[in-house]
Amino acid sequence: MIEIDGLTFRYPDGTAVFDGFSWRVAAGEAWAVLGPSGCGKTTLLYLLAGLRAASGGSLRLAGEPVVRPRPRTGLILQDFGLLPWATVQDNVALGLRIRGFYGPDGKHAPAGEAVTATRQITLAWIDRLGLAPLARSFPSQISGGQRQRTAIARTLALDPDLLLMDEPFAALDAPTREDLQNLTLRLRAERGLNTLVVTHTIEEAALLGEQVLVLGRLPNRAPRIVPNPGAGVPEFRGTPAYVRACTRLRQELEAAR
Amino acid sequence: MRSSVLIAALALGLVWQLASWAVHRPILPPPLVVLQVFAVEIVGDLGLDFLASLGRVVTSMALAVVTAVPAGLALGQMPALNRVFSPVIYILYPIPKVVLVPVILLFLGISDLAKVVIIFLILFFQILVLVRDQAAGLRPELVASVRSLGAGRRALFRFVYYPASLPAILTALRQSIGTAVAVLYVAELFATQRGLGYYIYLHGSTLFDYPRMYAGVLAMSLLGLGLYFGVDGLQRRLCPWQFAR
């Protein structure tokens with residue numbers, strides 16, 4: 001699914017974030033990317049999302065080089081991703097409307113897939129994520145958890161095969177965070193999605209990543225990968241294997257500094 | 001809200017009446033006398049002057065929106081372009097445009113165009129600056145997430161920049177309506193025979209017909225108020241998220 005070979009990326013000030021970095025993700029895998037602030041994890045996500053261009057090396061998704069945002073990649077950010085002037089329903093419909101705006105050109109929207117049932121798809125996802133009573137509310141009127149549900153509905157309405165999430169639950173209180181983590185796992189299992197969650201929280205990485213990529217001191221050269229079998233289901237939380245994974249990730253994080 | 005505005009209007013009318021009794025001279029007729037003259041005049045000369053003034057302001061507003069919004073969006077979204085124009089705008093923005101009235105009259109003569117251009121200049125800079133700052137202040141995360149949904153430049157304008165700048169456009173209009181009407185008054189003092197400025201000046205300073213002059217002042221106030229409330233209503237209608245609690 002993701003093939004990165006010899007990736008190089010520098011900030012405008014010349015700081016190298018990735019230098020000859022290579023990494024592979026197979027179809028259907030659930031990954032977490034863990035690291036301290038400034039380690040380049042958000043940069044990696046933006047590169048995969050096609051929102052930033054690499055300085056060198058190659059980056060492919062499903063065999064295609066990434067040169068712009070790819071229609072089948074979904075992106076969910078920590079906050080500020082929803083249009084403040086649009087209701088929950090209009091926010092969920094946004095991606096479909098953009099596809100309708102361009103038509104199935106293969107560049108902004110998948111080729112050969114005209115969007116026909118925007119309203120039905122939108123309402124189905126609103127319903128699925130329990131947002132029906134809030135459909136006419138604006139983002140400023142709903143809670144952080146409800147906003148993230150809206151963002152998830154908006155992304156999944158586009159039927160992605162890869163879901164990129166940047167600290168998606170960092171701003172939420174603990175019960176809401178657990179709730180949305182479980183929802184993410186359920187949706188992933190249901191739809192056979194590739195997921196890649198960027199997080200600075202060890203516990204979140206241990207729960208959501210069947211494999212965890214640990215980033216650290218700049219520049220990142222060889223990927224540090226921690227296998228985490230058993231993760232990817234809500235029941236994993238609190239098991240001895242989960243606690244061991246947290247300990248292991250903590251050590252890796254220390255070593256990566 | 002509406003009832004409190006009505007009460008405020010009645011209170012102001014009362015103050016006017018008291019002042020009129022206190023002054024007790026023709027230069028401050030009581031409000032009821034002025035209202036009677038207003039009711040008669042508004043279906044005659046005053047009505048035509050009102051329409052002439054309204055036409056000038058609305059034309060200027062439309063011209064300013066059509067030109068300043070795309071320019072503001074472009075400057076807000078293209079930092080390189082903004083770096084070039086920002087110093088120019090910085091110098092021109094605070095110049096009180098009313099001092100340009102004589103200059104514009106010299107160049108454009110006594111035409112309606114001159115009056116429209118003067119008001120246009122006031123509105124243009126106000127809208128330009130507010131829309132530019134609004135477009136520049138959009139959170140990069142928001143733009144990134146909409147781009148990730150497939151939006152290119154055209155869709156970003158349609159789904160992000162345009163709705164994001166609507167409040168700025170309407171706020172700019174609302175804020176500058178007072179100034180625009182004030183400058184309209186000044187512009188209509190020169191070389192015209194239609195418009196509320198002319199009407200007020202003619203009846204006040206030439207014919208010494210004070211009730212008519214006050215009827216003109218009332219019409220001009222209503223013009224400003226009507227435009228202000230009109231834009232305010234438009235903002236509530238087009239930007240409901242700003243008023244959602």
# chains A, B, ... in the order shown; residues from 1 in each chain; ligands from 1

$ residues_around --residues "region 78-93 of chain A" --least-positions-apart "5" --cutoff "9 Å" --atoms "only C-alpha atoms" --output "PyMOL selection string"
(chain A and resi 98+118-119+121-123+125-126+131-132+134-140+144+147-148+150-155+157+165-171) or (chain B and resi 139-146+159-160+163-164+239-242)

$ residues_around --residues "region 46-56 of chain B" --least-positions-apart "5" --cutoff "9 Å" --atoms "only C-alpha atoms" --output "NGL selection string"
:B and (38 or 40-41 or 61 or 112-113 or 115-116 or 119 or 181 or 184-185 or 188 or 193-199 or 212 or 215-216 or 219-220 or 223 or 227)

$ closest_atom_pairs --of "region 89-201 of chain A" --to "region 27-50 of chain A" --cutoff "7 Å" --atoms "only C-alpha atoms" --output "Markdown table"
| residue | atom | partner | partner_atom | distance |
| --- | --- | --- | --- | --- |
| A:Leu164 | CA | A:Leu45 | CA | 6.8 |
| A:Asp166 | CA | A:Thr42 | CA | 6.6 |
| A:Gly192 | CA | A:Gly28 | CA | 6.0 |
| A:Leu193 | CA | A:Gly28 | CA | 5.7 |
| A:Asn194 | CA | A:Gly28 | CA | 4.6 |
| A:Thr195 | CA | A:Ala30 | CA | 4.7 |
| A:Leu196 | CA | A:Trp31 | CA | 4.7 |
| A:Val197 | CA | A:Ala32 | CA | 4.7 |
| A:Val198 | CA | A:Val33 | CA | 4.6 |
| A:Thr199 | CA | A:Leu34 | CA | 5.3 |
| A:His200 | CA | A:Leu34 | CA | 5.5 |

$ write_last_selection --atoms "C-alpha atoms" --output "PDB file, in the first residue's frame"
ATOM      1  CA  LEU A 164      -4.472   8.995   7.762  1.00  0.00           C
ATOM      2  CA  ASP A 166      -2.999  13.218  12.826  1.00  0.00           C
ATOM      3  CA  GLY A 192     -10.899  -3.291   5.638  1.00  0.00           C
ATOM      4  CA  LEU A 193      -9.148   0.079   5.762  1.00  0.00           C
ATOM      5  CA  ASN A 194      -5.471   0.754   5.982  1.00  0.00           C
ATOM      6  CA  THR A 195      -5.070   3.052   8.959  1.00  0.00           C
ATOM      7  CA  LEU A 196      -2.155   5.174   9.999  1.00  0.00           C
ATOM      8  CA  VAL A 197      -2.530   7.118  13.222  1.00  0.00           C
ATOM      9  CA  VAL A 198       0.049   9.687  14.193  1.00  0.00           C
ATOM     10  CA  THR A 199       0.195  10.128  17.960  1.00  0.00           C
ATOM     11  CA  HIS A 200       2.466  11.235  20.752  1.00  0.00           C
TER      12      HIS A 200
END

$ select_by_dssp --residues "region 47-240 of chain B" --states "alpha helix (DSSP H)" --output "ChimeraX atom specification"
/B:47-77,79-92,101-108,112-136,140-148,153-156,162-187,196-201,210-238

$ closest_residue --among "B:Gly178, B:Gly230, B:Leu63, B:Val186" --to "Val99 (chain B)" --atoms "only C-alpha atoms"
B:Val186

$ closest_residue --among "B:Ile200, B:Val103, B:Leu173, B:Ala151" --to "chain A" --atoms "only C-alpha atoms"
B:Ala151

$ atom_distance --atom1 "CA of Arg68 (chain A)" --atom2 "CA of Leu51 (chain A)"
6.4 Å

$ atom_distance --atom1 "CA of Gly72 (chain B)" --atom2 "CA of Leu128 (chain B)"
4.7 Å

$ atom_distance --atom1 "CA of Gln77 (chain B)" --atom2 "CA of Ala111 (chain A)"
29.3 Å

$ residues_around --residues "Gln36 (chain B)" --least-positions-apart "3" --cutoff "12 Å" --atoms "only C-alpha atoms" --output "ChimeraX atom specification"
/B:29-33,39-43,211-212,214-215,218

$ write_last_selection --atoms "C-alpha atoms" --output "PDB file, in the first residue's frame"
ATOM      1  CA  PRO B  29     -38.982  72.866  14.326  1.00  0.00           C
ATOM      2  CA  PRO B  30     -40.731  70.191  16.404  1.00  0.00           C
ATOM      3  CA  PRO B  31     -40.553  66.577  15.139  1.00  0.00           C
ATOM      4  CA  LEU B  32     -44.254  66.314  14.324  1.00  0.00           C
ATOM      5  CA  VAL B  33     -44.092  69.314  11.997  1.00  0.00           C
ATOM      6  CA  ALA B  39     -44.833  62.621   4.580  1.00  0.00           C
ATOM      7  CA  VAL B  40     -45.845  65.119   1.901  1.00  0.00           C
ATOM      8  CA  GLU B  41     -42.393  65.628   0.381  1.00  0.00           C
ATOM      9  CA  ILE B  42     -41.357  61.961   0.235  1.00  0.00           C
ATOM     10  CA  VAL B  43     -43.939  61.282  -2.470  1.00  0.00           C
ATOM     11  CA  PRO B 211     -38.999  71.972   8.160  1.00  0.00           C
ATOM     12  CA  ARG B 212     -38.046  70.826   4.622  1.00  0.00           C
ATOM     13  CA  TYR B 214     -35.064  68.666   8.529  1.00  0.00           C
ATOM     14  CA  ALA B 215     -37.202  66.374   6.370  1.00  0.00           C
ATOM     15  CA  LEU B 218     -34.467  62.684   8.296  1.00  0.00           C
TER      16      LEU B 218
END

$ residues_around --residues "Ala9 (chain B)" --least-positions-apart "6" --cutoff "12 Å" --atoms "only C-alpha atoms" --output "list in words"
Arg2, Ser3, Val15, Trp16, Pro31, Ser221, Leu222 and Leu225 of chain B

$ closest_residue --among "A:Thr247, A:Thr73, A:Thr176, A:Asn182" --to "chain B" --atoms "only C-alpha atoms"
A:Thr73

$ closest_residue --among "B:Phe243, B:Tyr201, B:Phe208, B:Tyr161" --to "Val131 (chain B)" --atoms "only C-alpha atoms"
B:Tyr161
